[in-house]
$ cat coords09.cif   # mmCIF, C-alpha atoms and all ligand atoms
data_query
loop_
_atom_site.label_atom_id
_atom_site.label_comp_id
_atom_site.auth_asym_id
_atom_site.auth_seq_id
_atom_site.Cartn_x
_atom_site.Cartn_y
_atom_site.Cartn_z
CA MET A 221 0.00 0.00 0.00
CA SER A 222 1.50 3.39 -0.98
CA SER A 223 2.31 6.13 1.49
CA GLU A 224 -0.52 8.10 -0.16
CA ALA A 225 -3.07 5.72 1.35
CA THR A 226 -5.48 7.40 3.74
CA LEU A 227 -5.55 6.61 7.43
CA ARG A 228 -8.82 4.81 6.82
CA GLU A 229 -7.25 2.61 4.15
CA ARG A 230 -4.29 1.87 6.39
CA ALA A 231 -6.50 1.02 9.35
CA GLU A 232 -8.77 -1.21 7.27
CA ALA A 233 -5.78 -3.03 5.77
CA ARG A 234 -4.42 -3.58 9.27
CA GLY A 235 -7.81 -4.70 10.64
CA ILE A 236 -7.92 -1.91 13.23
CA GLU A 237 -10.77 0.55 13.78
CA PHE A 238 -9.42 4.10 13.87
CA GLY A 239 -12.24 6.52 14.59
CA ALA A 240 -13.18 10.02 15.61
CA ALA A 241 -15.85 11.51 17.85
CA LEU A 242 -18.13 13.64 15.65
CA SER A 243 -20.37 16.60 16.40
CA ALA A 244 -23.55 17.15 14.42
CA ALA A 245 -23.09 20.87 13.71
CA PRO A 246 -19.76 20.78 11.81
CA LEU A 247 -20.84 17.54 10.13
CA ARG A 248 -23.77 19.45 8.63
CA GLU A 249 -22.03 22.75 8.00
CA ASP A 250 -18.36 22.17 7.22
CA SER A 251 -17.54 20.19 4.08
CA ASN A 252 -13.86 19.92 5.02
CA TYR A 253 -14.83 18.30 8.29
CA TRP A 254 -17.33 15.99 6.59
CA ASN A 255 -14.77 14.92 3.97
CA THR A 256 -12.05 14.33 6.55
CA ALA A 257 -14.36 12.24 8.70
CA ARG A 258 -15.54 10.27 5.69
CA THR A 259 -12.19 9.53 4.08
CA GLU A 260 -9.80 9.26 7.03
CA PHE A 261 -11.65 7.36 9.76
CA THR A 262 -13.19 3.90 9.94
CA SER A 263 -15.56 4.61 12.81
CA VAL A 264 -17.51 7.38 14.51
CA THR A 265 -18.62 8.17 18.05
CA THR A 266 -21.29 10.67 19.06
CA SER A 267 -19.59 13.41 21.14
CA SER A 268 -22.60 14.61 23.13
CA GLU A 269 -25.63 13.97 20.90
CA LEU A 270 -26.69 10.74 22.66
CA LYS A 271 -26.17 12.01 26.20
CA MET A 272 -29.35 12.35 28.19
CA GLY A 273 -29.35 16.15 28.33
CA PRO A 274 -28.99 16.92 24.62
CA LEU A 275 -31.33 14.03 23.75
CA ARG A 276 -34.23 14.90 26.04
CA PRO A 277 -35.57 18.46 25.77
CA SER A 278 -38.52 17.67 28.08
CA PRO A 279 -39.52 14.76 30.32
CA LYS A 280 -41.69 13.08 27.70
CA THR A 281 -39.87 13.96 24.48
CA TYR A 282 -36.69 12.87 22.76
CA ASP A 283 -34.93 14.73 19.96
CA PHE A 284 -32.84 12.23 18.03
CA SER A 285 -32.06 14.50 15.07
CA ASP A 286 -28.45 15.35 15.98
CA ALA A 287 -27.65 11.80 17.04
CA ASP A 288 -29.23 10.46 13.86
CA ALA A 289 -27.07 12.78 11.74
CA ILE A 290 -23.97 11.03 13.09
CA VAL A 291 -25.34 7.49 13.22
CA ASP A 292 -26.75 7.78 9.67
CA PHE A 293 -23.43 9.13 8.41
CA GLY A 294 -21.58 6.18 9.92
CA ASN A 295 -24.07 3.64 8.60
CA GLU A 296 -24.09 5.21 5.14
CA TYR A 297 -20.32 5.08 4.76
CA ASP A 298 -19.73 1.65 6.28
CA MET A 299 -18.16 2.93 9.45
CA ALA A 300 -18.47 1.33 12.85
CA VAL A 301 -20.70 3.45 15.12
CA ARG A 302 -20.15 3.93 18.85
CA GLY A 303 -22.99 5.29 20.98
CA HIS A 304 -21.83 7.51 23.83
CA THR A 305 -23.32 7.28 26.44
CA LEU A 306 -26.45 5.80 28.08
CA VAL A 307 -25.68 6.51 31.75
CA TRP A 308 -23.47 9.33 33.05
CA HIS A 309 -23.50 11.56 36.12
CA THR A 310 -23.40 14.78 34.13
CA GLN A 311 -24.88 16.40 31.00
CA LYS A 312 -28.32 15.49 32.33
CA PRO A 313 -31.39 17.49 31.22
CA ASP A 314 -31.91 20.90 32.84
CA TRP A 315 -35.43 19.86 33.84
CA PHE A 316 -34.11 16.83 35.68
CA GLN A 317 -34.14 17.71 39.36
CA GLU A 318 -32.80 14.85 41.42
CA TRP A 319 -34.54 15.82 44.64
CA ASP A 320 -37.94 15.19 42.99
CA TYR A 321 -37.34 11.44 42.61
CA SER A 322 -37.66 8.46 44.91
CA GLY A 323 -35.32 5.47 44.45
CA ASP A 324 -37.99 3.52 42.56
CA GLN A 325 -38.65 6.47 40.29
CA VAL A 326 -34.95 6.81 39.49
CA ARG A 327 -34.87 3.13 38.59
CA ASP A 328 -37.96 3.31 36.39
CA PHE A 329 -36.70 6.45 34.72
CA LEU A 330 -33.26 5.03 33.96
CA ARG A 331 -34.66 1.71 32.75
CA ASP A 332 -36.99 3.48 30.33
CA HIS A 333 -34.18 5.69 29.11
CA VAL A 334 -31.76 2.83 28.45
CA ARG A 335 -34.38 0.68 26.76
CA THR A 336 -35.75 3.51 24.65
CA VAL A 337 -32.40 4.77 23.38
CA ALA A 338 -30.49 1.50 22.94
CA GLY A 339 -33.63 -0.18 21.57
CA ARG A 340 -34.25 2.55 19.01
CA TYR A 341 -30.87 2.08 17.35
CA GLY A 342 -30.52 -1.69 17.59
CA THR A 343 -27.64 -2.84 15.41
CA ARG A 344 -27.27 0.58 13.75
CA ILE A 345 -24.99 1.20 16.70
CA ASP A 346 -22.19 -1.36 16.96
CA ALA A 347 -20.93 -0.56 20.46
CA TRP A 348 -22.37 1.38 23.38
CA ASP A 349 -20.59 3.11 26.21
CA VAL A 350 -23.34 1.93 28.54
CA VAL A 351 -22.01 3.51 31.73
CA ASN A 352 -19.48 6.34 31.76
CA GLU A 353 -17.22 7.32 34.68
CA ALA A 354 -18.88 5.52 37.61
CA VAL A 355 -15.71 5.20 39.71
CA HIS A 356 -13.63 7.90 41.43
CA GLU A 357 -9.83 8.10 41.33
CA ASP A 358 -9.65 6.62 44.86
CA GLY A 359 -11.66 3.58 43.78
CA SER A 360 -14.94 4.57 45.48
CA MET A 361 -18.18 4.74 43.52
CA ARG A 362 -19.02 8.22 42.31
CA GLU A 363 -22.03 9.80 43.99
CA SER A 364 -24.59 10.57 41.33
CA VAL A 365 -28.34 10.68 41.08
CA TRP A 366 -28.20 7.08 39.84
CA TYR A 367 -26.02 5.95 42.72
CA GLU A 368 -28.11 7.80 45.31
CA GLY A 369 -31.33 6.32 43.94
CA MET A 370 -30.30 2.74 43.25
CA GLY A 371 -26.96 2.14 44.98
CA PRO A 372 -24.06 0.52 43.11
CA GLU A 373 -26.49 -1.85 41.39
CA TYR A 374 -27.37 0.84 38.85
CA VAL A 375 -24.26 -0.08 36.83
CA GLU A 376 -25.12 -3.73 36.25
CA LYS A 377 -28.80 -2.92 35.76
CA ALA A 378 -27.89 -0.54 32.93
CA PHE A 379 -25.99 -3.35 31.19
CA GLU A 380 -28.86 -5.78 31.68
CA TRP A 381 -31.47 -3.34 30.38
CA ALA A 382 -29.33 -2.54 27.34
CA ALA A 383 -28.80 -6.24 26.59
CA GLU A 384 -32.57 -6.75 26.64
CA VAL A 385 -33.02 -4.47 23.63
CA THR A 386 -29.83 -4.64 21.56
CA ASP A 387 -27.13 -7.03 20.39
CA SER A 388 -24.55 -4.21 20.27
CA ASP A 389 -21.30 -4.66 22.20
CA LEU A 390 -21.68 -3.18 25.65
CA PHE A 391 -18.77 -1.23 27.21
CA TYR A 392 -17.89 0.36 30.52
CA ASN A 393 -15.96 3.60 29.79
CA ASP A 394 -13.75 5.65 32.12
CA TYR A 395 -10.68 7.92 32.38
CA ASP A 396 -7.29 7.69 34.14
CA ILE A 397 -7.37 3.90 34.46
CA PRO A 398 -3.72 3.40 33.37
CA THR A 399 -2.50 6.16 35.69
CA GLU A 400 -4.60 5.71 38.87
CA PRO A 401 -3.95 2.26 40.42
CA GLU A 402 -6.78 2.45 42.98
CA LYS A 403 -9.25 3.33 40.30
CA ALA A 404 -7.89 0.63 37.98
CA ASP A 405 -8.25 -2.00 40.71
CA ALA A 406 -11.80 -0.95 41.53
CA VAL A 407 -12.88 -1.02 37.87
CA TYR A 408 -11.12 -4.36 37.44
CA ASP A 409 -12.97 -5.82 40.45
CA LEU A 410 -16.29 -4.42 39.21
CA LEU A 411 -15.91 -5.95 35.74
CA ALA A 412 -14.40 -9.23 36.99
CA ASP A 413 -17.45 -9.62 39.21
CA PHE A 414 -19.72 -8.88 36.23
CA ARG A 415 -17.96 -11.56 34.20
CA ASP A 416 -18.30 -14.06 37.06
CA ARG A 417 -22.00 -13.40 37.46
CA GLY A 418 -22.86 -13.18 33.78
CA VAL A 419 -23.67 -9.46 33.71
CA PRO A 420 -23.54 -8.69 29.97
CA VAL A 421 -20.41 -6.55 29.60
CA ASP A 422 -18.31 -7.02 26.45
CA GLY A 423 -15.55 -4.51 26.91
CA ILE A 424 -13.90 -1.57 28.56
CA GLY A 425 -13.29 1.81 26.94
CA LEU A 426 -10.18 3.69 28.01
CA GLN A 427 -10.56 7.42 27.71
CA LEU A 428 -7.04 8.79 27.21
CA HIS A 429 -7.38 12.55 27.43
CA GLY A 430 -3.70 13.43 27.54
CA ILE A 431 -4.38 17.07 28.21
CA GLY A 432 -1.34 18.46 30.00
CA SER A 433 0.14 15.04 30.77
CA GLN A 434 0.02 11.80 28.86
CA ALA A 435 -0.15 8.25 30.18
CA ASP A 436 2.99 6.19 29.57
CA PRO A 437 2.25 3.89 26.60
CA ALA A 438 3.80 0.97 28.52
CA ASP A 439 1.30 1.51 31.37
CA VAL A 440 -1.55 1.68 28.88
CA ALA A 441 -0.39 -1.60 27.33
CA ASP A 442 -0.26 -3.24 30.79
CA THR A 443 -3.81 -2.04 31.44
CA VAL A 444 -4.97 -3.40 28.11
CA ARG A 445 -3.49 -6.83 28.79
CA ARG A 446 -4.93 -6.95 32.29
CA PHE A 447 -8.50 -6.30 31.12
CA ARG A 448 -8.15 -8.52 28.07
CA ASP A 449 -7.26 -11.35 30.45
CA LEU A 450 -10.80 -10.97 31.83
CA GLY A 451 -12.09 -11.82 28.36
CA LEU A 452 -13.03 -8.19 27.65
CA ASP A 453 -12.44 -6.18 24.48
CA VAL A 454 -10.40 -3.06 25.20
CA HIS A 455 -10.96 0.05 23.09
CA VAL A 456 -9.25 3.41 23.32
CA THR A 457 -12.33 5.59 23.15
CA GLU A 458 -11.29 9.20 23.74
CA LEU A 459 -7.75 10.08 22.73
CA ASP A 460 -6.34 13.62 22.98
CA VAL A 461 -2.70 14.74 23.10
CA ALA A 462 -2.26 18.36 24.23
CA TYR A 463 0.39 20.22 26.21
CA GLU A 464 0.10 22.62 29.10
CA VAL A 465 1.16 26.21 28.48
CA GLY A 466 4.54 26.59 30.17
CA SER A 467 5.59 23.01 29.56
CA VAL A 468 5.14 22.76 25.83
CA PRO A 469 7.97 20.73 24.28
CA ASP A 470 10.45 22.55 22.01
CA ASP A 471 8.90 21.00 18.94
CA PRO A 472 5.34 20.27 20.06
CA LEU A 473 4.12 18.83 16.76
CA ALA A 474 7.04 16.39 16.64
CA ALA A 475 6.57 15.43 20.29
CA GLN A 476 2.87 14.94 19.73
CA ALA A 477 3.53 12.78 16.68
CA GLU A 478 6.01 10.66 18.61
CA TYR A 479 3.52 10.13 21.44
CA TYR A 480 0.74 9.14 19.05
CA ARG A 481 3.11 6.71 17.31
CA ALA A 482 4.28 5.09 20.54
CA LEU A 483 0.77 4.86 21.96
CA VAL A 484 -0.80 3.35 18.84
CA GLU A 485 2.01 0.81 18.53
CA ALA A 486 1.78 -0.17 22.19
CA CYS A 487 -2.01 -0.46 22.11
CA VAL A 488 -2.19 -2.49 18.91
CA ASP A 489 0.60 -4.74 20.17
CA ALA A 490 -1.34 -5.33 23.40
CA GLY A 491 -4.49 -6.30 21.50
CA VAL A 492 -6.53 -3.09 21.13
CA ASP A 493 -8.54 -3.21 17.91
CA SER A 494 -10.31 0.14 18.11
CA ILE A 495 -8.84 3.60 18.76
CA THR A 496 -10.81 6.85 18.63
CA THR A 497 -9.58 10.45 18.81
CA TRP A 498 -11.92 12.80 20.65
CA GLY A 499 -12.70 14.88 17.59
CA VAL A 500 -11.73 15.21 13.94
CA ASN A 501 -9.67 18.41 13.90
CA ASP A 502 -8.22 20.95 16.31
CA GLY A 503 -10.72 23.65 15.39
CA ASN A 504 -13.61 21.56 16.68
CA SER A 505 -11.88 19.98 19.67
CA TRP A 506 -13.66 20.10 23.02
CA VAL A 507 -10.34 21.14 24.61
CA ARG A 508 -10.83 24.50 22.95
CA ASP A 509 -14.09 25.31 24.75
CA PHE A 510 -13.72 23.25 27.87
CA TYR A 511 -10.38 24.63 28.96
CA LYS A 512 -10.59 28.11 27.44
CA ALA A 513 -11.46 29.76 30.73
CA GLU A 514 -8.39 28.31 32.35
CA GLU A 515 -6.13 29.25 29.45
CA ARG A 516 -3.79 26.57 30.67
CA PHE A 517 -3.57 24.30 27.72
CA THR A 518 -2.52 24.45 24.13
CA ILE A 519 -5.40 23.49 21.90
CA ASP A 520 -3.82 21.18 19.40
CA PRO A 521 -4.75 17.66 20.54
CA LEU A 522 -5.75 15.95 17.29
CA LEU A 523 -4.39 14.57 14.00
CA PHE A 524 -5.78 17.35 11.78
CA ASP A 525 -5.29 21.09 12.27
CA ARG A 526 -7.96 23.79 12.24
CA LYS A 527 -8.16 23.68 8.45
CA CYS A 528 -8.32 19.87 8.50
CA ASP A 529 -4.80 19.60 7.09
CA PRO A 530 -2.92 16.54 8.38
CA LYS A 531 -0.33 17.14 11.11
CA PRO A 532 2.86 15.16 11.77
CA ALA A 533 0.83 13.07 14.22
CA TYR A 534 -1.38 11.92 11.33
CA HIS A 535 1.61 10.56 9.43
CA ALA A 536 2.97 8.99 12.61
CA VAL A 537 -0.28 7.09 13.25
CA LYS A 538 -0.35 5.83 9.66
CA ALA A 539 3.24 4.65 9.98
CA ALA A 540 2.45 2.96 13.30
CA LEU A 541 -0.48 1.09 11.76
CA PHE A 542 1.68 0.06 8.83
CA GLU A 543 4.37 -1.36 11.07
CA ALA A 544 2.19 -2.76 13.80
C1 LIG B 1 -17.30 16.29 26.23
C2 LIG B 1 -17.80 16.86 24.92
O1 LIG B 1 -16.84 16.67 23.90
C3 LIG B 1 -18.07 18.33 25.10
O2 LIG B 1 -18.60 18.89 23.93
C4 LIG B 1 -19.02 18.53 26.27
O3 LIG B 1 -19.20 19.92 26.51
C5 LIG B 1 -18.49 17.87 27.53
O4 LIG B 1 -18.24 16.51 27.26
N1 LIG B 1 -15.18 12.45 28.81
C6 LIG B 1 -16.29 11.97 28.17
C7 LIG B 1 -16.93 12.78 27.11
O5 LIG B 1 -16.69 10.81 28.39
O6 LIG B 1 -18.32 12.59 27.09
C8 LIG B 1 -16.62 14.23 27.24
O7 LIG B 1 -17.14 14.90 26.10
C9 LIG B 1 -15.13 14.45 27.40
C10 LIG B 1 -14.63 13.78 28.65
#
$ encode --input "coords09.cif" --output "structure tokens"
Amino acid sequence: MSSEATLRERAEARGIEFGAALSAAPLREDSNYWNTARTEFTSVTTSSELKMGPLRPSPKTYDFSDADAIVDFGNEYDMAVRGHTLVWHTQKPDWFQEWDYSGDQVRDFLRDHVRTVAGRYGTRIDAWDVVNEAVHEDGSMRESVWYEGMGPEYVEKAFEWAAEVTDSDLFYNDYDIPTEPEKADAVYDLLADFRDRGVPVDGIGLQLHGIGSQADPADVADTVRRFRDLGLDVHVTELDVAYEVGSVPDDPLAAQAEYYRALVEACVDAGVDSITTWGVNDGNSWVRDFYKAEERFTIDPLLFDRKCDPKPAYHAVKAALFEA
């Protein structure tokens, strides 16, 4: 395959999914973004469009239009589609006031939500991040409206309800697992217990938002092997590589490329078969908005720059997939 091959072609030849999180607005409005997503990636994830808040303008209504724009795009162009996310502690609807609900009501509400959303898409969505970020860095369960209402059981219930309505692969997704040992152990115990008891979990998604500091690729590979030994698929679901103002390397684009190369090689070698960057290009990266107030971080985490031109990191990932 020539060096002119796209990232998508390289990834498909290598049998690896290499995807991007998409947002509905630039997908509709920016042809550069649309073309880059279409030609360079093998899979898509919804950034926020399937979260409960954006999806549910009022208690009895759903607005699937933005989510559908991304899912339809993926289906149309033979890309794998990842649904993100059915259950999370944040980005809930504004009208959702937790103090109005009893435990039973929380349970009924969450069950209906999971069944409605996962059931609507069926196999149009290949993999779901069923529960996102349920565990704190110290290994304790995060307090959330779901946890307060149902106790820790809400996590397994979400998987069971999803499995009732879809054959999609069901993932638990979280951040800092390779870098926070207490958290890693707690998530490991949670998922090992699920495997023992037949709770329908297929995989774990590792968010790797290297914003300011990046996980050591060797630690990521160890994490991958550890969870694969449980019989789980391991996907890298949310990859960013950005540097903190004040500690930007001398040649940040070269350093970023080298990190992407090392990480992709280590992950593929350890058995990861799906890697997703958290966005298509720097101009649409969440890092831009999310961290703007702090003005602490450079805003160049992705493979394509603000004009969707490929960066050194893009070529490094292609080379890594070629060699892997
Ligand atoms: C981010 C979105 O990209 C932003 O647009 C939104 O304002 C906040 O959420 N971990 C996750 C993702 O699991 O859902 C988050 O996405 C980024 C951190």
$ residues_around --input "coords09.cif" --residues "stretch 530-534 of chain A" --least-positions-apart "4" --cutoff "6 Å" --atoms "all atoms listed in the file" --output "compact mmCIF listing (two decimals) with C-alpha atoms, keeping the file's coordinate frame"
# COMPACT_ATOMS: atom_id res chain seq x y z
CA ALA A 477 3.53 12.78 16.68
CA LEU A 523 -4.39 14.57 14.00
CA PHE A 524 -5.78 17.35 11.78
$ residues_around --input "coords09.cif" --residues "stretch 292-305 of chain A" --least-positions-apart "5" --cutoff "6 Å" --atoms "all atoms listed in the file" --output "VMD selection string"
chain A and resid 262 to 266 270 to 271 345 to 350
$ axis_aligned_box --input "coords09.cif" --around "ligand LIG 1 (chain B)" --padding-each-side "6 Å" --output "lines of an AutoDock Vina configuration file"
center_x = -16.9
center_y = 15.4
center_z = 26.4
size_x = 16.6
size_y = 21.1
size_z = 16.9
$ residues_around --input "coords09.cif" --residues "A:Leu242" --least-positions-apart "4" --cutoff "9 Å" --atoms "only C-alpha atoms" --output "number ranges by chain"
A: 246-247, 257, 264-268, 290, 498-500
$ closest_residue --input "coords09.cif" --among "A:Cys487, A:Ile431, A:Leu330, A:Val465" --to "A:Leu522" --atoms "all atoms listed in the file"
A:Ile431
$ closest_atom_pairs --input "coords09.cif" --of "chain A" --to "ligand LIG 1 (chain B)" --cutoff "10 Å" --atoms "only C-alpha atoms and all ligand atoms" --output "tab-separated table"
residue	atom	partner	partner_atom	distance
A:Ala241	CA	B:LIG1	O1	8.0
A:Leu242	CA	B:LIG1	O1	8.9
A:Ser243	CA	B:LIG1	O2	8.1
A:Thr266	CA	B:LIG1	O6	8.8
A:Ser267	CA	B:LIG1	O1	5.1
A:Ser268	CA	B:LIG1	C2	5.6
A:Glu269	CA	B:LIG1	O2	9.1
A:Leu270	CA	B:LIG1	O6	9.6
A:Lys271	CA	B:LIG1	O6	7.9
A:His304	CA	B:LIG1	O6	7.0
A:Thr305	CA	B:LIG1	O6	7.3
A:Trp308	CA	B:LIG1	O5	8.4
A:Thr310	CA	B:LIG1	O4	8.8
A:Gln311	CA	B:LIG1	C5	7.4
A:Asp349	CA	B:LIG1	O5	8.9
A:Val351	CA	B:LIG1	O5	9.6
A:Asn352	CA	B:LIG1	O5	6.3
A:Glu353	CA	B:LIG1	O5	7.2
A:Asn393	CA	B:LIG1	O5	7.4
A:Asp394	CA	B:LIG1	O5	7.0
A:Tyr395	CA	B:LIG1	N1	7.3
A:Gly425	CA	B:LIG1	O5	9.7
A:Leu426	CA	B:LIG1	O5	9.7
A:Gln427	CA	B:LIG1	N1	6.9
A:Leu428	CA	B:LIG1	N1	9.1
A:His429	CA	B:LIG1	C10	7.5
A:Thr457	CA	B:LIG1	O5	8.6
A:Glu458	CA	B:LIG1	N1	7.2
A:Leu459	CA	B:LIG1	C9	9.8
A:Asp460	CA	B:LIG1	C9	9.9
A:Trp498	CA	B:LIG1	O1	7.1
A:Gly499	CA	B:LIG1	O1	7.8
A:Asn504	CA	B:LIG1	O2	9.2
A:Ser505	CA	B:LIG1	O1	7.3
A:Trp506	CA	B:LIG1	O1	4.8
A:Val507	CA	B:LIG1	O1	7.9
A:Arg508	CA	B:LIG1	O2	9.6
A:Asp509	CA	B:LIG1	O3	7.6
A:Phe510	CA	B:LIG1	O3	6.6
$ closest_residue --input "coords09.cif" --among "A:Asp525, A:Glu260, A:Asp314, A:Asp489" --to "A:Val444" --atoms "only C-alpha atoms"
A:Asp489
$ residues_near_point --input "coords09.cif" --point "(-31.9, -0.8, 21.3)" --cutoff "9 Å" --atoms "all atoms listed in the file" --output "list in words"
Val334, Arg335, Thr336, Val337, Ala338, Gly339, Arg340, Tyr341, Gly342, Thr343, Arg344, Ile345, Ala382, Ala383, Glu384, Val385, Thr386, Asp387 and Ser388 of chain A
$ atom_distance --input "coords09.cif" --atom1 "atom CA of A:Phe238" --atom2 "atom CA of A:Asp502"
17.1 Å
$ closest_residue --input "coords09.cif" --among "A:Gly239, A:Lys312, A:Gln325, A:Pro472" --to "A:Pro274" --atoms "all atoms listed in the file"
A:Lys312
$ atom_distance --input "coords09.cif" --atom1 "atom CA of A:Tyr480" --atom2 "atom CA of A:Gly423"
22.7 Å
$ atom_distance --input "coords09.cif" --atom1 "atom CA of A:Arg248" --atom2 "atom CA of A:Thr497"
19.6 Å
$ closest_residue --input "coords09.cif" --among "A:Met361, A:Gly369, A:Ala378, A:Val291" --to "A:Val326" --atoms "only C-alpha atoms"
A:Gly369
$ residues_around --input "coords09.cif" --residues "A:Val454" --least-positions-apart "5" --cutoff "9 Å" --atoms "only C-alpha atoms" --output "count of residues only"
14
$ closest_residue --input "coords09.cif" --among "A:Ile495, A:Leu306, A:Ile397, A:Leu411" --to "A:Ile236" --atoms "all atoms listed in the file"
A:Ile495
$ residues_near_point --input "coords09.cif" --point "(-1.0, 11.1, 31.0)" --cutoff "12 Å" --atoms "only C-alpha atoms" --output "ChimeraX atom specification"
/A:395-400,427-440,459-464,479,483
$ closest_residue --input "coords09.cif" --among "A:Gly451, A:Phe261, A:Arg417, A:Lys403" --to "A:Glu237" --atoms "all atoms listed in the file"
A:Phe261
$ residues_around --input "coords09.cif" --residues "A:Ser285" --least-positions-apart "4" --cutoff "9 Å" --atoms "only C-alpha atoms" --output "PDB file with C-alpha atoms, in the coordinates of the input"
ATOM      1  CA  ALA A 244     -23.550  17.150  14.420  1.00  0.00           C
ATOM      2  CA  GLU A 269     -25.630  13.970  20.900  1.00  0.00           C
ATOM      3  CA  LEU A 275     -31.330  14.030  23.750  1.00  0.00           C
ATOM      4  CA  ALA A 289     -27.070  12.780  11.740  1.00  0.00           C
TER       5      ALA A 289
END
$ decode --input "coords09.cif" --residues "stretch 465-479 of chain A" --atoms "N, CA, C and O atoms" --output "mmCIF file, in the first residue's frame"
data_model
loop_
_atom_site.group_PDB
_atom_site.id
_atom_site.type_symbol
_atom_site.label_atom_id
_atom_site.label_comp_id
_atom_site.auth_asym_id
_atom_site.auth_seq_id
_atom_site.Cartn_x
_atom_site.Cartn_y
_atom_site.Cartn_z
ATOM 1 N N VAL A 465 0.378 24.998 28.713
ATOM 2 C CA VAL A 465 1.157 26.207 28.480
ATOM 3 C C VAL A 465 2.220 26.303 29.573
ATOM 4 O O VAL A 465 1.928 26.114 30.750
ATOM 5 N N GLY A 466 3.462 26.547 29.175
ATOM 6 C CA GLY A 466 4.541 26.589 30.171
ATOM 7 C C GLY A 466 5.370 25.323 30.148
ATOM 8 O O GLY A 466 6.529 25.339 30.542
ATOM 9 N N SER A 467 4.771 24.225 29.696
ATOM 10 C CA SER A 467 5.586 23.009 29.562
ATOM 11 C C SER A 467 5.381 22.373 28.193
ATOM 12 O O SER A 467 5.334 21.150 28.060
ATOM 13 N N VAL A 468 5.268 23.253 27.207
ATOM 14 C CA VAL A 468 5.145 22.764 25.828
ATOM 15 C C VAL A 468 6.536 22.349 25.353
ATOM 16 O O VAL A 468 7.500 23.078 25.552
ATOM 17 N N PRO A 469 6.645 21.161 24.764
ATOM 18 C CA PRO A 469 7.974 20.729 24.279
ATOM 19 C C PRO A 469 8.506 21.696 23.214
ATOM 20 O O PRO A 469 7.733 22.447 22.613
ATOM 21 N N ASP A 470 9.831 21.647 22.987
ATOM 22 C CA ASP A 470 10.453 22.550 22.006
ATOM 23 C C ASP A 470 9.786 22.440 20.640
ATOM 24 O O ASP A 470 9.530 23.433 19.988
ATOM 25 N N ASP A 471 9.567 21.212 20.233
ATOM 26 C CA ASP A 471 8.904 21.001 18.937
ATOM 27 C C ASP A 471 7.608 20.236 19.219
ATOM 28 O O ASP A 471 7.570 19.005 19.156
ATOM 29 N N PRO A 472 6.544 20.963 19.573
ATOM 30 C CA PRO A 472 5.337 20.268 20.058
ATOM 31 C C PRO A 472 4.702 19.330 19.039
ATOM 32 O O PRO A 472 4.211 18.267 19.411
ATOM 33 N N LEU A 473 4.748 19.709 17.759
ATOM 34 C CA LEU A 473 4.119 18.831 16.765
ATOM 35 C C LEU A 473 4.890 17.526 16.616
ATOM 36 O O LEU A 473 4.291 16.454 16.464
ATOM 37 N N ALA A 474 6.224 17.613 16.728
ATOM 38 C CA ALA A 474 7.042 16.385 16.640
ATOM 39 C C ALA A 474 6.835 15.538 17.895
ATOM 40 O O ALA A 474 6.712 14.305 17.821
ATOM 41 N N ALA A 475 6.779 16.182 19.046
ATOM 42 C CA ALA A 475 6.571 15.429 20.294
ATOM 43 C C ALA A 475 5.197 14.761 20.287
ATOM 44 O O ALA A 475 5.046 13.597 20.692
ATOM 45 N N GLN A 476 4.222 15.493 19.814
ATOM 46 C CA GLN A 476 2.866 14.935 19.732
ATOM 47 C C GLN A 476 2.834 13.733 18.790
ATOM 48 O O GLN A 476 2.234 12.697 19.102
ATOM 49 N N ALA A 477 3.499 13.873 17.657
ATOM 50 C CA ALA A 477 3.535 12.776 16.684
ATOM 51 C C ALA A 477 4.201 11.547 17.303
ATOM 52 O O ALA A 477 3.722 10.417 17.156
ATOM 53 N N GLU A 478 5.292 11.768 18.015
ATOM 54 C CA GLU A 478 6.012 10.658 18.614
ATOM 55 C C GLU A 478 5.143 9.965 19.670
ATOM 56 O O GLU A 478 5.116 8.731 19.770
ATOM 57 N N TYR A 479 4.401 10.744 20.436
ATOM 58 C CA TYR A 479 3.525 10.131 21.440
ATOM 59 C C TYR A 479 2.424 9.309 20.757
ATOM 60 O O TYR A 479 2.156 8.166 21.140
#
